$ cat run-v9.cif   # mmCIF, C-alpha atoms
data_entry
loop_
_atom_site.group_PDB
_atom_site.id
_atom_site.type_symbol
_atom_site.label_atom_id
_atom_site.label_comp_id
_atom_site.auth_asym_id
_atom_site.auth_seq_id
_atom_site.Cartn_x
_atom_site.Cartn_y
_atom_site.Cartn_z
ATOM 1 C CA MET J 469 86.687 107.326 120.278
ATOM 2 C CA THR J 470 86.094 104.009 118.500
ATOM 3 C CA LYS J 471 85.787 100.682 120.328
ATOM 4 C CA LEU J 472 88.918 99.415 118.566
ATOM 5 C CA TYR J 473 90.853 102.524 119.587
ATOM 6 C CA ARG J 474 89.819 102.114 123.238
ATOM 7 C CA LYS J 475 90.665 98.420 123.167
ATOM 8 C CA LEU J 476 94.160 98.899 121.751
ATOM 9 C CA LEU J 477 94.868 101.953 123.872
ATOM 10 C CA ASN J 478 94.424 99.868 127.023
ATOM 11 C CA HIS J 479 96.114 96.736 125.680
ATOM 12 C CA ASP J 480 98.719 95.071 127.874
ATOM 13 C CA TYR J 481 101.827 93.059 127.036
ATOM 14 C CA SER J 482 104.789 91.398 128.720
ATOM 15 C CA PRO J 483 108.061 93.367 129.020
ATOM 16 C CA GLY J 484 109.838 89.999 129.110
ATOM 17 C CA GLU J 485 108.650 89.268 125.598
ATOM 18 C CA MET J 486 110.253 92.507 124.440
ATOM 19 C CA GLY J 487 113.628 91.625 125.951
ATOM 20 C CA GLU J 488 113.603 88.142 124.439
ATOM 21 C CA CYS J 489 112.744 89.430 120.959
ATOM 22 C CA VAL J 490 115.424 92.138 121.027
ATOM 23 C CA ALA J 491 118.064 89.697 122.303
ATOM 24 C CA GLU J 492 117.131 87.173 119.610
ATOM 25 C CA ALA J 493 117.353 89.835 116.893
ATOM 26 C CA ARG J 494 120.837 90.793 118.059
ATOM 27 C CA ARG J 495 121.939 87.148 118.088
ATOM 28 C CA MET J 496 120.661 86.611 114.576
ATOM 29 C CA THR J 497 122.829 89.442 113.204
ATOM 30 C CA GLN J 498 125.860 87.283 114.011
ATOM 31 C CA THR J 499 124.612 83.960 112.667
ATOM 32 C CA ILE J 500 123.208 84.673 109.204
ATOM 33 C CA GLU J 501 124.623 85.207 105.732
ATOM 34 C CA ARG J 502 124.746 88.978 105.794
ATOM 35 C CA ALA J 503 125.168 90.030 102.174
ATOM 36 C CA PRO J 504 121.705 89.121 100.774
ATOM 37 C CA ILE J 505 119.928 90.727 103.717
ATOM 38 C CA LEU J 506 122.072 93.866 103.582
ATOM 39 C CA ARG J 507 121.171 94.213 99.896
ATOM 40 C CA ASP J 508 117.507 94.106 100.863
ATOM 41 C CA ILE J 509 118.029 96.573 103.703
ATOM 42 C CA PHE J 510 119.743 98.984 101.330
ATOM 43 C CA SER J 511 116.538 99.081 99.254
ATOM 44 C CA PHE J 512 114.544 99.969 102.405
ATOM 45 C CA ILE J 513 116.572 103.098 103.175
ATOM 46 C CA ASP J 514 115.105 106.598 103.157
ATOM 47 C CA LEU J 515 118.329 108.462 102.438
ATOM 48 C CA THR J 516 118.136 111.808 104.209
ATOM 49 C CA SER J 517 119.606 115.271 103.863
ATOM 50 C CA LEU J 518 118.122 117.396 106.622
ATOM 51 C CA ASN J 519 120.849 119.904 107.371
ATOM 52 C CA THR J 520 120.765 123.601 108.209
ATOM 53 C CA ALA J 521 123.318 124.212 105.446
ATOM 54 C CA ASP J 522 121.309 122.434 102.719
ATOM 55 C CA SER J 523 120.769 124.536 99.601
ATOM 56 C CA ALA J 524 119.170 124.114 96.208
ATOM 57 C CA GLY J 525 122.584 123.210 94.812
ATOM 58 C CA THR J 526 123.452 120.592 97.423
ATOM 59 C CA ILE J 527 120.013 118.972 97.261
ATOM 60 C CA ARG J 528 120.055 118.845 93.453
ATOM 61 C CA SER J 529 123.464 117.168 93.605
ATOM 62 C CA PHE J 530 122.207 114.755 96.293
ATOM 63 C CA ALA J 531 119.178 113.798 94.194
ATOM 64 C CA GLU J 532 121.163 113.438 90.975
ATOM 65 C CA ARG J 533 123.759 111.292 92.727
ATOM 66 C CA THR J 534 120.997 109.055 94.050
ATOM 67 C CA ALA J 535 119.400 108.768 90.616
ATOM 68 C CA SER J 536 122.735 107.779 89.088
ATOM 69 C CA PHE J 537 123.373 105.008 91.607
ATOM 70 C CA ARG J 538 122.117 102.328 89.189
ATOM 71 C CA TYR J 539 124.933 103.056 86.774
ATOM 72 C CA SER J 540 127.640 102.315 89.350
ATOM 73 C CA PHE J 541 125.877 99.423 91.109
ATOM 74 C CA ASN J 542 123.598 97.899 88.499
ATOM 75 C CA GLU J 543 123.234 94.650 90.454
ATOM 76 C CA MET J 544 121.810 96.531 93.491
ATOM 77 C CA ARG J 545 118.337 97.936 93.977
ATOM 78 C CA ASN J 546 118.402 101.639 94.769
ATOM 79 C CA VAL J 547 117.278 103.188 98.050
ATOM 80 C CA ALA J 548 113.523 103.497 98.584
ATOM 81 C CA ALA J 549 113.392 107.295 98.894
ATOM 82 C CA ILE J 550 115.297 110.450 99.581
ATOM 83 C CA CYS J 551 114.013 112.722 102.332
ATOM 84 C CA VAL J 552 114.481 116.516 102.279
ATOM 85 C CA TYR J 553 112.995 119.694 103.709
ATOM 86 C CA PRO J 554 109.796 120.882 101.967
ATOM 87 C CA ASN J 555 111.343 123.942 100.333
ATOM 88 C CA PHE J 556 113.525 121.588 98.261
ATOM 89 C CA VAL J 557 110.728 119.451 96.808
ATOM 90 C CA LYS J 558 110.938 120.892 93.306
ATOM 91 C CA VAL J 559 114.709 120.770 92.938
ATOM 92 C CA ALA J 560 114.915 117.288 94.473
ATOM 93 C CA GLY J 561 112.243 116.019 92.100
ATOM 94 C CA GLU J 562 114.101 117.450 89.127
ATOM 95 C CA GLY J 563 117.300 115.756 90.299
ATOM 96 C CA LEU J 564 115.632 112.374 90.734
ATOM 97 C CA GLY J 565 113.888 112.464 87.370
ATOM 98 C CA ASP J 566 112.271 109.122 86.542
ATOM 99 C CA CYS J 567 114.750 106.904 88.417
ATOM 100 C CA GLY J 568 112.022 105.317 90.554
ATOM 101 C CA VAL J 569 113.265 106.571 93.917
ATOM 102 C CA ARG J 570 110.422 108.181 95.859
ATOM 103 C CA LEU J 571 110.573 111.744 97.169
ATOM 104 C CA ALA J 572 109.828 112.122 100.879
ATOM 105 C CA VAL J 573 109.503 115.430 102.691
ATOM 106 C CA VAL J 574 109.594 116.290 106.394
ATOM 107 C CA SER J 575 106.655 118.606 106.912
ATOM 108 C CA ALA J 576 104.441 120.212 109.564
ATOM 109 C CA SER J 577 107.171 122.160 111.388
ATOM 110 C CA PHE J 578 109.703 119.323 111.565
ATOM 111 C CA PRO J 579 111.368 118.455 113.919
ATOM 112 C CA SER J 580 109.496 120.154 116.799
ATOM 113 C CA SER J 581 105.907 120.164 115.466
ATOM 114 C CA GLN J 582 105.525 123.476 117.289
ATOM 115 C CA THR J 583 103.451 125.779 115.118
ATOM 116 C CA PHE J 584 99.817 126.408 114.224
ATOM 117 C CA PRO J 585 97.904 123.349 112.991
ATOM 118 C CA GLU J 586 96.764 125.377 109.996
ATOM 119 C CA VAL J 587 100.391 126.004 109.046
ATOM 120 C CA LYS J 588 101.179 122.279 109.290
ATOM 121 C CA ALA J 589 98.277 121.412 107.015
ATOM 122 C CA LEU J 590 99.196 124.126 104.507
ATOM 123 C CA GLU J 591 102.864 123.112 104.386
ATOM 124 C CA THR J 592 101.811 119.504 103.769
ATOM 125 C CA THR J 593 99.447 120.528 100.963
ATOM 126 C CA MET J 594 102.149 122.659 99.336
ATOM 127 C CA ALA J 595 104.710 119.855 99.496
ATOM 128 C CA VAL J 596 102.342 117.334 97.909
ATOM 129 C CA ASN J 597 101.240 119.781 95.218
ATOM 130 C CA MET J 598 104.896 120.368 94.322
ATOM 131 C CA GLY J 599 105.566 116.657 93.890
ATOM 132 C CA ALA J 600 106.234 114.986 97.254
ATOM 133 C CA ASP J 601 105.355 111.282 97.232
ATOM 134 C CA GLU J 602 105.647 110.867 100.996
ATOM 135 C CA ILE J 603 105.197 113.104 104.033
ATOM 136 C CA ASP J 604 106.981 112.570 107.362
ATOM 137 C CA VAL J 605 105.406 114.543 110.239
ATOM 138 C CA VAL J 606 106.037 114.702 113.975
ATOM 139 C CA MET J 607 103.206 113.961 116.368
ATOM 140 C CA PRO J 608 102.565 116.921 118.743
ATOM 141 C CA VAL J 609 104.475 115.293 121.581
ATOM 142 C CA GLY J 610 103.600 117.796 124.306
ATOM 143 C CA THR J 611 99.882 117.451 123.650
ATOM 144 C CA PHE J 612 100.236 113.666 123.733
ATOM 145 C CA LEU J 613 102.136 113.709 127.039
ATOM 146 C CA GLU J 614 99.341 115.800 128.560
ATOM 147 C CA GLY J 615 97.000 112.938 127.696
ATOM 148 C CA ASP J 616 94.909 114.805 125.139
ATOM 149 C CA TYR J 617 94.956 111.994 122.609
ATOM 150 C CA ASP J 618 91.844 113.186 120.807
ATOM 151 C CA ALA J 619 93.490 116.545 120.075
ATOM 152 C CA VAL J 620 96.527 114.739 118.668
ATOM 153 C CA ILE J 621 94.281 112.615 116.460
ATOM 154 C CA ASP J 622 92.356 115.652 115.217
ATOM 155 C CA GLU J 623 95.579 117.395 114.224
ATOM 156 C CA LEU J 624 97.072 114.347 112.535
ATOM 157 C CA LYS J 625 93.833 113.648 110.687
ATOM 158 C CA SER J 626 93.952 117.181 109.306
ATOM 159 C CA ILE J 627 97.467 116.524 108.028
ATOM 160 C CA ARG J 628 96.330 113.144 106.679
ATOM 161 C CA GLU J 629 93.635 114.929 104.671
ATOM 162 C CA SER J 630 96.139 117.506 103.418
ATOM 163 C CA ALA J 631 98.526 114.746 102.333
ATOM 164 C CA GLY J 632 95.907 113.244 100.023
ATOM 165 C CA SER J 633 97.210 110.093 98.359
ATOM 166 C CA ALA J 634 100.798 110.655 99.527
ATOM 167 C CA THR J 635 102.228 108.158 102.007
ATOM 168 C CA LEU J 636 102.013 109.567 105.546
ATOM 169 C CA LYS J 637 104.650 108.629 108.136
ATOM 170 C CA VAL J 638 103.944 109.784 111.694
ATOM 171 C CA ILE J 639 107.022 110.295 113.869
ATOM 172 C CA LEU J 640 106.514 109.550 117.570
ATOM 173 C CA GLU J 641 109.865 110.890 118.848
ATOM 174 C CA THR J 642 110.107 107.849 121.090
ATOM 175 C CA GLY J 643 113.085 109.168 123.048
ATOM 176 C CA LEU J 644 110.805 111.800 124.590
ATOM 177 C CA LEU J 645 107.913 109.497 125.441
ATOM 178 C CA LYS J 646 109.357 108.287 128.745
ATOM 179 C CA ASP J 647 108.221 104.636 128.747
ATOM 180 C CA GLU J 648 107.037 101.715 126.649
ATOM 181 C CA ARG J 649 103.383 102.268 127.539
ATOM 182 C CA ASN J 650 103.473 105.738 126.019
ATOM 183 C CA ILE J 651 105.225 104.438 122.894
ATOM 184 C CA TYR J 652 102.523 101.807 122.439
ATOM 185 C CA ARG J 653 99.716 104.310 122.947
ATOM 186 C CA ALA J 654 101.339 106.834 120.614
ATOM 187 C CA SER J 655 101.548 104.123 117.955
ATOM 188 C CA VAL J 656 97.835 103.443 118.351
ATOM 189 C CA VAL J 657 97.079 107.166 118.120
ATOM 190 C CA ALA J 658 99.133 107.433 114.925
ATOM 191 C CA MET J 659 97.368 104.497 113.303
ATOM 192 C CA GLU J 660 93.949 105.766 114.402
ATOM 193 C CA SER J 661 94.852 109.062 112.703
ATOM 194 C CA GLY J 662 95.484 107.461 109.314
ATOM 195 C CA ALA J 663 99.251 106.922 109.345
ATOM 196 C CA ASP J 664 100.635 104.635 106.644
ATOM 197 C CA PHE J 665 103.861 104.253 108.639
ATOM 198 C CA VAL J 666 104.749 104.676 112.300
ATOM 199 C CA LYS J 667 108.253 106.103 112.663
ATOM 200 C CA THR J 668 110.404 106.204 115.782
ATOM 201 C CA SER J 669 112.316 109.463 115.706
ATOM 202 C CA THR J 670 113.473 112.605 113.953
ATOM 203 C CA GLY J 671 117.152 112.017 114.644
ATOM 204 C CA LYS J 672 117.216 115.514 116.167
ATOM 205 C CA SER J 673 116.646 114.525 119.815
ATOM 206 C CA GLN J 674 119.184 113.183 122.295
ATOM 207 C CA VAL J 675 117.665 109.676 122.180
ATOM 208 C CA SER J 676 116.611 108.389 118.774
ATOM 209 C CA ALA J 677 115.633 104.898 117.601
ATOM 210 C CA THR J 678 116.204 101.954 119.931
ATOM 211 C CA PRO J 679 115.458 98.255 119.383
ATOM 212 C CA GLU J 680 113.188 98.314 122.429
ATOM 213 C CA ALA J 681 111.069 101.149 120.995
ATOM 214 C CA ALA J 682 111.004 99.305 117.673
ATOM 215 C CA TRP J 683 109.624 96.201 119.362
ATOM 216 C CA VAL J 684 106.841 98.170 121.055
ATOM 217 C CA ILE J 685 105.809 99.868 117.808
ATOM 218 C CA CYS J 686 105.871 96.568 115.931
ATOM 219 C CA ARG J 687 103.740 95.013 118.677
ATOM 220 C CA ALA J 688 101.181 97.805 118.244
ATOM 221 C CA ILE J 689 101.251 97.371 114.464
ATOM 222 C CA ARG J 690 100.735 93.618 114.862
ATOM 223 C CA ASP J 691 97.836 94.127 117.264
ATOM 224 C CA TYR J 692 96.242 96.617 114.867
ATOM 225 C CA TRP J 693 96.670 94.224 111.952
ATOM 226 C CA ASN J 694 95.159 91.350 113.947
ATOM 227 C CA GLU J 695 92.118 93.515 114.697
ATOM 228 C CA THR J 696 91.645 95.149 111.276
ATOM 229 C CA GLY J 697 93.601 93.221 108.640
ATOM 230 C CA ILE J 698 95.293 96.525 107.701
ATOM 231 C CA MET J 699 99.090 96.494 107.317
ATOM 232 C CA ILE J 700 100.826 99.594 108.671
ATOM 233 C CA GLY J 701 104.472 100.220 107.866
ATOM 234 C CA PHE J 702 107.318 100.743 110.337
ATOM 235 C CA LYS J 703 110.284 103.093 110.050
ATOM 236 C CA PRO J 704 113.093 103.316 112.602
ATOM 237 C CA ALA J 705 115.201 106.437 112.161
ATOM 238 C CA GLY J 706 117.880 108.381 113.963
ATOM 239 C CA GLY J 707 121.322 107.071 114.868
ATOM 240 C CA ILE J 708 121.157 103.981 112.643
ATOM 241 C CA VAL J 709 124.643 103.983 111.173
ATOM 242 C CA ALA J 710 126.191 100.494 111.366
ATOM 243 C CA PRO J 711 125.001 97.495 109.320
ATOM 244 C CA ASP J 712 124.677 95.495 112.570
ATOM 245 C CA ASP J 713 122.148 98.030 113.867
ATOM 246 C CA ALA J 714 120.105 97.844 110.664
ATOM 247 C CA LEU J 715 120.171 94.040 110.785
ATOM 248 C CA ALA J 716 118.795 94.081 114.335
ATOM 249 C CA TYR J 717 115.820 96.180 113.235
ATOM 250 C CA TYR J 718 115.327 93.898 110.230
ATOM 251 C CA PHE J 719 115.032 90.843 112.479
ATOM 252 C CA ILE J 720 112.732 92.588 114.941
ATOM 253 C CA VAL J 721 110.379 93.346 112.049
ATOM 254 C CA ARG J 722 110.691 89.820 110.654
ATOM 255 C CA ASN J 723 110.152 88.134 114.002
ATOM 256 C CA MET J 724 107.287 90.393 115.112
ATOM 257 C CA LEU J 725 105.443 91.055 111.860
ATOM 258 C CA GLY J 726 106.586 88.454 109.350
ATOM 259 C CA GLU J 727 108.181 88.255 105.926
ATOM 260 C CA LYS J 728 105.401 90.193 104.204
ATOM 261 C CA TRP J 729 106.542 93.360 105.989
ATOM 262 C CA LEU J 730 110.064 93.079 104.559
ATOM 263 C CA THR J 731 109.486 95.275 101.514
ATOM 264 C CA PRO J 732 109.900 99.025 100.974
ATOM 265 C CA GLU J 733 106.109 99.303 101.034
ATOM 266 C CA TYR J 734 106.031 98.435 104.744
ATOM 267 C CA PHE J 735 109.547 98.780 106.131
ATOM 268 C CA ARG J 736 111.904 101.740 105.833
ATOM 269 C CA ILE J 737 115.024 102.827 107.665
ATOM 270 C CA GLY J 738 115.789 106.540 107.892
ATOM 271 C CA ALA J 739 119.525 107.127 107.601
ATOM 272 C CA SER J 740 122.196 109.348 106.104
ATOM 273 C CA ARG J 741 125.373 107.273 106.659
ATOM 274 C CA LEU J 742 124.037 103.721 106.687
ATOM 275 C CA ALA J 743 123.938 103.426 102.888
ATOM 276 C CA ASN J 744 127.673 104.030 102.509
ATOM 277 C CA ASN J 745 128.468 101.670 105.378
ATOM 278 C CA ILE J 746 126.449 98.869 103.789
ATOM 279 C CA LEU J 747 128.163 99.470 100.449
ATOM 280 C CA SER J 748 131.544 99.404 102.194
ATOM 281 C CA GLU J 749 130.794 95.968 103.625
ATOM 282 C CA LEU J 750 129.462 94.603 100.341
ATOM 283 C CA TYR J 751 132.201 96.176 98.201
ATOM 284 C CA PRO J 752 135.369 96.440 100.334
ATOM 285 C CA GLY J 753 137.841 99.017 99.100
ATOM 286 C CA LYS J 754 135.405 100.763 96.794
ATOM 287 C CA PRO J 755 135.143 104.536 97.440
ATOM 288 C CA ALA J 756 132.083 105.844 99.296
ATOM 289 C CA TYR J 757 129.301 106.606 96.848
ATOM 290 C CA PHE J 758 127.028 109.007 98.757
#
$ encode --input "run-v9.cif" --output "structure tokens"
Amino acid sequence: MTKLYRKLLNHDYSPGEMGECVAEARRMTQTIERAPILRDIFSFIDLTSLNTADSAGTIRSFAERTASFRYSFNEMRNVAAICVYPNFVKVAGEGLGDCGVRLAVVSASFPSSQTFPEVKALETTMAVNMGADEIDVVMPVGTFLEGDYDAVIDELKSIRESAGSATLKVILETGLLKDERNIYRASVVAMESGADFVKTSTGKSQVSATPEAAWVICRAIRDYWNETGIMIGFKPAGGIVAPDDALAYYFIVRNMLGEKWLTPEYFRIGASRLANNILSELYPGKPAYF
């Protein structure tokens, strides 16, 4: 356990600061010119299709539709990535072609993370070898809640190694972590393990992303950056449907981390319906695209 890891793991903060930041972010959604920011937010979206009924045909169509977005909305930047199950990497990549949208994959026994560590590492390697640009994995939540942080780090480091140069997003499943202290510590564990992004949720649990969990993760990212100079990305996901919700997360990131985080390199939003809802606000009356 490194000195930095021990220091951050035992770091303290004021819950009052969290409430003030979240309240301010919500106020700002009602007082700004929305359209320019919503255009930016659209380009931060990881557009997801993670359904039991997904098939090669539906994923190919999903990817091709995403790739063709520029022809219908040439004044808009496209979404940052599409996110699919690992068995659809090849067909999704073929559908995207060279459009510039990145291909993300949920790996390592998503969404439960309940299988052998060797299987998680192998699935990650296979996904990257088949063309995945980004890997989203779930932290072993049960092991974390037992307090065996070193075991969590060992497992995530193995996945980090298997991911190679691909972007690694570690999902905390914040709705299961019980309190803010655990969310902060899980964020530190993820960053210590080599995560490029810390992500809130899978969207498959009863409680998904919340502004309060977002604040705690951003606080951990800021503390890590202050100690190391390394920028770690943040991705809220799960239940983010309305533009107002996305704007609140945008302002939490801006207020906590600063303008330099407001790019697809360091800020993503995982969503399936948000993209259409943003387009509906920006282009009233135009049919849904996705």
$ resolve_selection --input "run-v9.cif" --expression "the PyMOL selection byres ((chain J and resi 651-657) around 9)" --output "PyMOL selection string"
chain J and resi 473+476-479+607+612+617-618+620-621+638+640-642+645-650+658-662+666-668+681+684-689+692
$ closest_residue --input "run-v9.cif" --among "J:Gly561, J:Pro608, J:Gly706, J:Gly568" --to "Val596 in chain J" --atoms "only C-alpha atoms"
J:Gly561
$ residues_around --input "run-v9.cif" --residues "range 709-717 of chain J" --least-positions-apart "2" --cutoff "6 Å" --atoms "all atoms listed in the file" --output "list in words"
Ala493, Arg494, Thr497, Gly707, Phe719, Ile720, Arg741, Leu742 and Ile746 of chain J
$ resolve_selection --input "run-v9.cif" --expression "the PyMOL selection byres ((chain J and resi 580-583) around 10)" --output "short mmCIF file (atom, residue, chain, number, x, y, z; two decimals) with C-alpha atoms, in the frame of the given file"
data_model
loop_
_atom_site.label_atom_id
_atom_site.label_comp_id
_atom_site.auth_asym_id
_atom_site.auth_seq_id
_atom_site.Cartn_x
_atom_site.Cartn_y
_atom_site.Cartn_z
CA SER J 575 106.66 118.61 106.91
CA ALA J 576 104.44 120.21 109.56
CA SER J 577 107.17 122.16 111.39
CA PHE J 578 109.70 119.32 111.56
CA PRO J 579 111.37 118.46 113.92
CA PHE J 584 99.82 126.41 114.22
CA PRO J 585 97.90 123.35 112.99
CA GLU J 586 96.76 125.38 110.00
CA VAL J 587 100.39 126.00 109.05
CA LYS J 588 101.18 122.28 109.29
CA VAL J 605 105.41 114.54 110.24
CA VAL J 606 106.04 114.70 113.98
CA MET J 607 103.21 113.96 116.37
CA PRO J 608 102.56 116.92 118.74
CA VAL J 609 104.48 115.29 121.58
CA GLY J 610 103.60 117.80 124.31
CA GLU J 641 109.86 110.89 118.85
CA THR J 670 113.47 112.60 113.95
CA LYS J 672 117.22 115.51 116.17
CA SER J 673 116.65 114.52 119.82
#
$ closest_residue --input "run-v9.cif" --among "J:Asn519, J:Asn723, J:Ser511, J:Asn555" --to "Phe537 in chain J" --atoms "only C-alpha atoms"
J:Ser511
$ resolve_selection --input "run-v9.cif" --expression "the PyMOL selection byres ((chain J and resi 629) around 12)" --output "MDAnalysis selection string"
chainID J and resid 588:590 592:593 596 603 622:628 630:636 661:663
$ write_last_selection --input "run-v9.cif" --atoms "C-alpha atoms" --output "compact mmCIF listing (two decimals), in the coordinates of the input"
# COMPACT_ATOMS: atom_id res chain seq x y z
CA LYS J 588 101.18 122.28 109.29
CA ALA J 589 98.28 121.41 107.02
CA LEU J 590 99.20 124.13 104.51
CA THR J 592 101.81 119.50 103.77
CA THR J 593 99.45 120.53 100.96
CA VAL J 596 102.34 117.33 97.91
CA ILE J 603 105.20 113.10 104.03
CA ASP J 622 92.36 115.65 115.22
CA GLU J 623 95.58 117.40 114.22
CA LEU J 624 97.07 114.35 112.54
CA LYS J 625 93.83 113.65 110.69
CA SER J 626 93.95 117.18 109.31
CA ILE J 627 97.47 116.52 108.03
CA ARG J 628 96.33 113.14 106.68
CA SER J 630 96.14 117.51 103.42
CA ALA J 631 98.53 114.75 102.33
CA GLY J 632 95.91 113.24 100.02
CA SER J 633 97.21 110.09 98.36
CA ALA J 634 100.80 110.66 99.53
CA THR J 635 102.23 108.16 102.01
CA LEU J 636 102.01 109.57 105.55
CA SER J 661 94.85 109.06 112.70
CA GLY J 662 95.48 107.46 109.31
CA ALA J 663 99.25 106.92 109.34
$ atom_distance --input "run-v9.cif" --atom1 "CA of Leu750 in chain J" --atom2 "CA of Arg502 in chain J"
9.1 Å
$ atom_distance --input "run-v9.cif" --atom1 "CA of Thr534 in chain J" --atom2 "CA of Ala560 in chain J"
10.2 Å
$ atom_distance --input "run-v9.cif" --atom1 "CA of Ala531 in chain J" --atom2 "CA of Arg545 in chain J"
15.9 Å
$ closest_residue --input "run-v9.cif" --among "J:Ile708, J:Val721, J:Ala491, J:Leu564" --to "Arg528 in chain J" --atoms "all atoms listed in the file"
J:Leu564
$ residues_near_point --input "run-v9.cif" --point "(116.3, 107.0, 107.8)" --cutoff "6 Å" --atoms "all atoms listed in the file" --output "NGL selection string"
:J and (514-515 or 705 or 737-739)
$ closest_residue --input "run-v9.cif" --among "J:Leu644, J:Phe510, J:Met594, J:Gly563" --to "Ser740 in chain J" --atoms "all atoms listed in the file"
J:Phe510
$ closest_residue --input "run-v9.cif" --among "J:Val552, J:Ile639, J:Val574, J:Val557" --to "Ser517 in chain J" --atoms "all atoms listed in the file"
J:Val552
$ residues_near_point --input "run-v9.cif" --point "(128.2, 98.2, 102.0)" --cutoff "10 Å" --atoms "all atoms listed in the file" --output "ChimeraX atom specification"
/J:503,506-507,510,710-711,742-752,754,756-757
$ build_atoms --input "run-v9.cif" --residues "range 629-642 of chain J" --atoms "N, CA and C atoms" --output "PDB file, in the frame of the given file"
ATOM      1  N   GLU J 629      94.482 114.421 105.745  1.00  0.00           N
ATOM      2  CA  GLU J 629      93.635 114.929 104.671  1.00  0.00           C
ATOM      3  C   GLU J 629      94.434 115.801 103.715  1.00  0.00           C
ATOM      4  N   SER J 630      95.321 116.629 104.260  1.00  0.00           N
ATOM      5  CA  SER J 630      96.139 117.506 103.418  1.00  0.00           C
ATOM      6  C   SER J 630      97.119 116.718 102.567  1.00  0.00           C
ATOM      7  N   ALA J 631      97.561 115.563 103.065  1.00  0.00           N
ATOM      8  CA  ALA J 631      98.526 114.746 102.333  1.00  0.00           C
ATOM      9  C   ALA J 631      97.899 114.023 101.153  1.00  0.00           C
ATOM     10  N   GLY J 632      96.578 113.898 101.138  1.00  0.00           N
ATOM     11  CA  GLY J 632      95.907 113.244 100.023  1.00  0.00           C
ATOM     12  C   GLY J 632      96.366 111.811  99.855  1.00  0.00           C
ATOM     13  N   SER J 633      96.786 111.466  98.645  1.00  0.00           N
ATOM     14  CA  SER J 633      97.210 110.093  98.359  1.00  0.00           C
ATOM     15  C   SER J 633      98.677 109.836  98.698  1.00  0.00           C
ATOM     16  N   ALA J 634      99.391 110.847  99.153  1.00  0.00           N
ATOM     17  CA  ALA J 634     100.798 110.655  99.527  1.00  0.00           C
ATOM     18  C   ALA J 634     100.890 109.750 100.756  1.00  0.00           C
ATOM     19  N   THR J 635     101.966 108.997 100.839  1.00  0.00           N
ATOM     20  CA  THR J 635     102.228 108.158 102.007  1.00  0.00           C
ATOM     21  C   THR J 635     102.506 109.041 103.214  1.00  0.00           C
ATOM     22  N   LEU J 636     101.833 108.774 104.326  1.00  0.00           N
ATOM     23  CA  LEU J 636     102.013 109.567 105.546  1.00  0.00           C
ATOM     24  C   LEU J 636     102.738 108.747 106.601  1.00  0.00           C
ATOM     25  N   LYS J 637     103.895 109.257 107.051  1.00  0.00           N
ATOM     26  CA  LYS J 637     104.650 108.629 108.136  1.00  0.00           C
ATOM     27  C   LYS J 637     104.558 109.545 109.351  1.00  0.00           C
ATOM     28  N   VAL J 638     104.072 109.009 110.458  1.00  0.00           N
ATOM     29  CA  VAL J 638     103.944 109.784 111.694  1.00  0.00           C
ATOM     30  C   VAL J 638     105.092 109.433 112.626  1.00  0.00           C
ATOM     31  N   ILE J 639     105.841 110.452 113.008  1.00  0.00           N
ATOM     32  CA  ILE J 639     107.022 110.295 113.869  1.00  0.00           C
ATOM     33  C   ILE J 639     106.601 110.476 115.324  1.00  0.00           C
ATOM     34  N   LEU J 640     106.913 109.503 116.166  1.00  0.00           N
ATOM     35  CA  LEU J 640     106.514 109.550 117.570  1.00  0.00           C
ATOM     36  C   LEU J 640     107.512 110.308 118.444  1.00  0.00           C
ATOM     37  N   GLU J 641     108.749 110.391 118.033  1.00  0.00           N
ATOM     38  CA  GLU J 641     109.865 110.890 118.848  1.00  0.00           C
ATOM     39  C   GLU J 641     109.925 110.093 120.149  1.00  0.00           C
ATOM     40  N   THR J 642     110.196 108.797 119.985  1.00  0.00           N
ATOM     41  CA  THR J 642     110.107 107.849 121.090  1.00  0.00           C
ATOM     42  C   THR J 642     111.040 108.172 122.251  1.00  0.00           C
TER      43      THR J 642
END
